[in-house]
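Shown next: model.cif, containing mmCIF, C-alpha atoms.
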data_final
loop_
_atom_site.group_PDB
_atom_site.id
_atom_site.type_symbol
_atom_site.label_atom_id
_atom_site.label_comp_id
_atom_site.auth_asym_id
_atom_site.auth_seq_id
_atom_site.Cartn_x
_atom_site.Cartn_y
_atom_site.Cartn_z
ATOM 1 C CA VAL A 1 82.353 -0.310 205.028
ATOM 2 C CA LEU A 2 81.441 -3.419 203.091
ATOM 3 C CA ALA A 3 80.001 -6.076 205.372
ATOM 4 C CA THR A 4 78.110 -9.317 205.069
ATOM 5 C CA LYS A 5 75.716 -10.950 207.458
ATOM 6 C CA LYS A 6 75.733 -14.694 208.101
ATOM 7 C CA PHE A 7 73.539 -16.839 210.282
ATOM 8 C CA ASP A 8 73.578 -20.483 211.294
ATOM 9 C CA LEU A 9 71.078 -22.639 213.133
ATOM 10 C CA TRP A 10 71.988 -25.354 215.591
ATOM 11 C CA SER A 11 68.791 -27.326 215.113
ATOM 12 C CA VAL A 12 65.657 -27.245 212.994
ATOM 13 C CA PRO A 13 62.548 -25.651 214.478
ATOM 14 C CA GLU A 14 59.082 -27.050 213.788
ATOM 15 C CA VAL A 15 57.954 -23.653 212.531
ATOM 16 C CA LEU A 16 60.405 -21.278 210.900
ATOM 17 C CA VAL A 17 59.469 -17.581 210.783
ATOM 18 C CA ILE A 18 61.444 -15.377 208.431
ATOM 19 C CA HIS A 19 61.190 -11.612 208.836
ATOM 20 C CA LEU A 20 61.915 -9.699 205.641
ATOM 21 C CA LYS A 21 63.498 -6.308 206.198
ATOM 22 C CA ARG A 22 60.969 -3.883 204.717
ATOM 23 C CA PHE A 23 62.035 -0.614 206.300
ATOM 24 C CA GLN A 24 65.300 1.218 205.742
ATOM 25 C CA TYR A 25 66.619 3.943 207.992
ATOM 26 C CA THR A 26 69.603 6.140 207.269
ATOM 27 C CA ARG A 27 70.784 9.272 208.987
ATOM 28 C CA HIS A 28 68.806 11.492 206.629
ATOM 29 C CA TRP A 29 66.160 9.264 205.104
ATOM 30 C CA ARG A 30 63.581 6.626 205.974
ATOM 31 C CA GLU A 31 61.729 4.544 203.459
ATOM 32 C CA LYS A 32 59.853 1.321 202.893
ATOM 33 C CA ILE A 33 61.641 -1.320 200.848
ATOM 34 C CA SER A 34 59.214 -2.752 198.305
ATOM 35 C CA THR A 35 61.535 -5.088 196.424
ATOM 36 C CA VAL A 36 59.944 -8.410 195.505
ATOM 37 C CA VAL A 37 61.707 -11.230 197.356
ATOM 38 C CA ASP A 38 61.235 -14.474 195.444
ATOM 39 C CA PHE A 39 60.721 -17.008 198.228
ATOM 40 C CA PRO A 40 59.739 -20.657 197.672
ATOM 41 C CA LEU A 41 56.262 -21.914 198.544
ATOM 42 C CA ARG A 42 57.539 -25.466 198.856
ATOM 43 C CA GLY A 43 60.884 -27.083 199.467
ATOM 44 C CA LEU A 44 62.871 -24.405 201.295
ATOM 45 C CA ASP A 45 66.115 -26.276 202.029
ATOM 46 C CA MET A 46 67.792 -24.984 205.191
ATOM 47 C CA SER A 47 70.416 -27.766 205.415
ATOM 48 C CA GLN A 48 73.316 -25.444 204.496
ATOM 49 C CA PHE A 49 72.564 -23.331 207.583
ATOM 50 C CA ILE A 50 72.344 -26.163 210.152
ATOM 51 C CA ILE A 51 75.501 -26.616 212.234
ATOM 52 C CA ASP A 52 74.492 -29.799 214.072
ATOM 53 C CA GLU A 53 75.733 -32.636 211.866
ATOM 54 C CA SER A 54 73.338 -35.128 213.476
ATOM 55 C CA VAL A 55 70.355 -33.362 211.875
ATOM 56 C CA LEU A 56 69.250 -35.292 208.800
ATOM 57 C CA PRO A 57 69.004 -33.358 205.522
ATOM 58 C CA GLU A 58 65.373 -34.477 205.065
ATOM 59 C CA ASP A 59 64.527 -32.710 208.338
ATOM 60 C CA CYS A 60 65.740 -29.389 206.906
ATOM 61 C CA THR A 61 63.033 -28.888 204.275
ATOM 62 C CA TYR A 62 60.193 -26.443 204.869
ATOM 63 C CA ASP A 63 56.920 -25.594 203.159
ATOM 64 C CA LEU A 64 55.245 -22.207 203.384
ATOM 65 C CA PHE A 65 51.863 -22.097 205.129
ATOM 66 C CA ALA A 66 51.298 -18.367 205.724
ATOM 67 C CA VAL A 67 52.535 -14.906 204.780
ATOM 68 C CA SER A 68 51.887 -11.670 206.642
ATOM 69 C CA ASN A 69 51.811 -8.719 204.251
ATOM 70 C CA HIS A 70 52.259 -5.006 204.910
ATOM 71 C CA SER A 71 50.923 -2.413 202.493
ATOM 72 C CA GLY A 72 51.390 1.298 202.934
ATOM 73 C CA GLY A 73 54.367 3.231 204.175
ATOM 74 C CA LEU A 74 56.212 4.308 207.285
ATOM 75 C CA GLY A 75 53.483 6.702 208.435
ATOM 76 C CA GLY A 76 50.793 4.039 208.379
ATOM 77 C CA GLY A 77 49.787 0.879 206.683
ATOM 78 C CA HIS A 78 47.613 -2.172 206.612
ATOM 79 C CA TYR A 79 48.328 -5.831 207.337
ATOM 80 C CA THR A 80 46.798 -8.759 205.473
ATOM 81 C CA ALA A 81 47.719 -12.432 205.298
ATOM 82 C CA TYR A 82 47.816 -15.305 202.865
ATOM 83 C CA VAL A 83 47.080 -18.623 204.540
ATOM 84 C CA LEU A 84 47.282 -22.124 203.100
ATOM 85 C CA HIS A 85 44.332 -24.397 203.919
ATOM 86 C CA GLU A 86 46.090 -27.629 204.841
ATOM 87 C CA GLU A 87 43.436 -30.079 203.692
ATOM 88 C CA SER A 88 42.448 -28.470 200.380
ATOM 89 C CA GLY A 89 45.876 -27.072 199.486
ATOM 90 C CA ARG A 90 44.240 -23.763 198.500
ATOM 91 C CA TRP A 91 45.553 -20.333 199.424
ATOM 92 C CA TYR A 92 43.309 -17.711 201.014
ATOM 93 C CA ASP A 93 43.684 -13.934 201.289
ATOM 94 C CA CYS A 94 42.620 -12.749 204.763
ATOM 95 C CA ASN A 95 41.852 -9.049 204.992
ATOM 96 C CA ASP A 96 40.014 -7.758 208.072
ATOM 97 C CA ALA A 97 36.333 -8.594 207.535
ATOM 98 C CA TRP A 98 36.671 -10.855 204.508
ATOM 99 C CA VAL A 99 38.473 -13.924 203.258
ATOM 100 C CA SER A 100 38.738 -14.898 199.608
ATOM 101 C CA GLU A 101 40.502 -17.605 197.677
ATOM 102 C CA ALA A 102 43.867 -16.488 196.269
ATOM 103 C CA SER A 103 45.993 -17.788 193.448
ATOM 104 C CA GLU A 104 49.288 -19.392 194.373
ATOM 105 C CA SER A 105 51.100 -16.847 192.199
ATOM 106 C CA SER A 106 49.751 -13.932 194.273
ATOM 107 C CA VAL A 107 51.388 -15.190 197.495
ATOM 108 C CA VAL A 108 54.857 -13.941 196.498
ATOM 109 C CA SER A 109 54.595 -10.154 196.371
ATOM 110 C CA SER A 110 56.377 -6.939 197.284
ATOM 111 C CA SER A 111 54.110 -6.694 200.365
ATOM 112 C CA ALA A 112 55.401 -9.917 201.973
ATOM 113 C CA TYR A 113 56.719 -9.120 205.447
ATOM 114 C CA LEU A 114 56.713 -12.301 207.564
ATOM 115 C CA LEU A 115 57.017 -15.812 206.122
ATOM 116 C CA PHE A 116 55.773 -18.819 208.096
ATOM 117 C CA TYR A 117 57.233 -22.199 207.154
ATOM 118 C CA ARG A 118 56.433 -25.637 208.595
ATOM 119 C CA ARG A 119 59.034 -28.386 208.657
ATOM 120 C CA ARG A 120 58.047 -30.957 206.043
ATOM 121 C CA SER A 121 59.100 -33.996 208.099
ATOM 122 C CA LEU A 122 56.823 -32.744 210.878
ATOM 123 C CA ALA A 123 53.894 -32.537 208.461
ATOM 124 C CA LYS A 124 54.505 -36.127 207.391
ATOM 125 C CA LYS A 125 54.584 -37.294 211.022
ATOM 126 C CA ASP A 126 51.319 -35.432 211.679
ATOM 127 C CA ASP A 127 49.735 -37.069 208.620
ATOM 128 C CA VAL A 128 50.761 -40.516 209.868
ATOM 129 C CA ALA A 129 49.499 -39.757 213.388
ATOM 130 C CA GLN A 130 46.198 -38.405 212.042
ATOM 131 C CA SER A 131 45.771 -41.452 209.814
ATOM 132 C CA SER A 132 46.456 -43.722 212.796
ATOM 133 C CA ASP A 133 43.954 -41.784 214.945
ATOM 134 C CA ASP A 134 41.340 -42.052 212.191
ATOM 135 C CA ASP A 135 41.934 -45.804 211.959
ATOM 136 C CA ASP A 136 41.608 -46.175 215.742
ATOM 137 C CA GLN A 137 38.341 -44.260 215.792
ATOM 138 C CA ALA A 138 36.919 -46.208 212.866
ATOM 139 C CA GLY A 139 37.960 -49.484 214.478
ATOM 140 C CA SER A 140 36.403 -48.639 217.817
ATOM 141 C CA ASN A 141 33.066 -47.961 216.162
ATOM 142 C CA ASP A 142 33.149 -51.255 214.258
ATOM 143 C CA ASP A 143 33.863 -53.337 217.362
ATOM 144 C CA ASP A 144 30.907 -52.018 219.344
ATOM 145 C CA ASP A 145 27.701 -53.324 217.737
ATOM 146 C CA THR A 146 25.638 -53.178 220.917
ATOM 147 C CA ASP A 147 23.338 -50.292 221.657
ATOM 148 C CA PRO A 148 23.649 -49.345 225.338
ATOM 149 C CA MET A 149 20.068 -48.061 225.299
ATOM 150 C CA ASN A 150 18.753 -51.506 224.358
ATOM 151 C CA SER A 151 21.054 -53.651 226.501
ATOM 152 C CA ALA A 152 18.504 -53.819 229.360
ATOM 153 C CA ASP A 153 15.851 -55.153 226.961
ATOM 154 C CA GLU A 154 18.085 -58.014 225.838
ATOM 155 C CA ALA A 155 18.766 -59.242 229.397
#

Using the file provided, produce a representation of the structure as structure tokens.
Amino acid sequence: VLATKKFDLWSVPEVLVIHLKRFQYTRHWREKISTVVDFPLRGLDMSQFIIDESVLPEDCTYDLFAVSNHSGGLGGGHYTAYVLHEESGRWYDCNDAWVSEASESSVVSSSAYLLFYRRRSLAKKDDVAQSSDDDDQAGSNDDDDTDPMNSADEA
């Protein structure tokens, strides 16, 4: 039987998690699938899968921020993760008791198991909100030149 699988989304989630099928089971055989899936680190466009026509195309773009990896086989294995540091833009390899900087090219591998994407328009809104919060905090410090510890002395 030749079949295809299709999925659609009604709306766009803030965080999109994609589970890559890494284990294959047949009636007589079980094995791990170790094919490299070439997934984008930036600019995953999900607009073709969104059914709701009121969703803007710019709200359908995602950027990768983490990958859960599985190494080993069906009888046992080990999980690690690649995580993007938001402020520095650097990738890190997290493996039990240690963390080390990773190259961007190492993030896409045959061990990738779960992909974590963040909606780009959400990241922009967060940047604007953070910038506004920083401005508010800086402004509140500039407006208050009095030292409450010395206010009794000035009276």

Could you tell me, as a PyMOL selection string, which residues have any atom at most 12 Å from (49.1, -9.6, 199.5), counting only C-alpha atoms? chain A and resi 36+66-72+78-83+91-95+100-114

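Each of A:Glu31, A:Phe65, A:Leu2, A:Val55 was checked against Gly43 of chain A using all atoms listed in the file; the smallest atom-to-atom distance is that of A:Phe65.
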
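With only C-alpha atoms as the basis for measurement, A:Lys21 is the residue among A:Lys21, A:Val15, A:Ser88, A:Trp98 that approaches Ile33 of chain A most closely.
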
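Reported to one decimal place, the separation of atom CA of Arg119 of chain A from atom CA of Val17 of chain A is 11.0 Å.
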
Counting all atoms listed in the file, which residues come within 8 Å of (56.2, -23.3, 205.8), with the point read in the file's coordinates, and could you list them as a list of chain:residue names? A:Val15, A:Leu16, A:Leu41, A:Arg42, A:Tyr62, A:Asp63, A:Leu64, A:Phe65, A:Ala66, A:Leu115, A:Phe116, A:Tyr117, A:Arg118, A:Arg119, A:Arg120

Could the centre and edge lengths of an axis-aligned box, enclosing all atoms of segment 50-63 of chain A in the file with 4 Å extra on each side, be given in Å to one decimal as JSON?
{"center_x": 66.3, "center_y": -30.4, "center_z": 208.6, "size_x": 26.8, "size_y": 17.7, "size_z": 18.9}

Between A:Asp38, A:Lys32, A:Phe49, A:Phe23, which residue has the minimum interatomic distance to Asp8 of chain A, considering all atoms listed in the file? A:Phe49
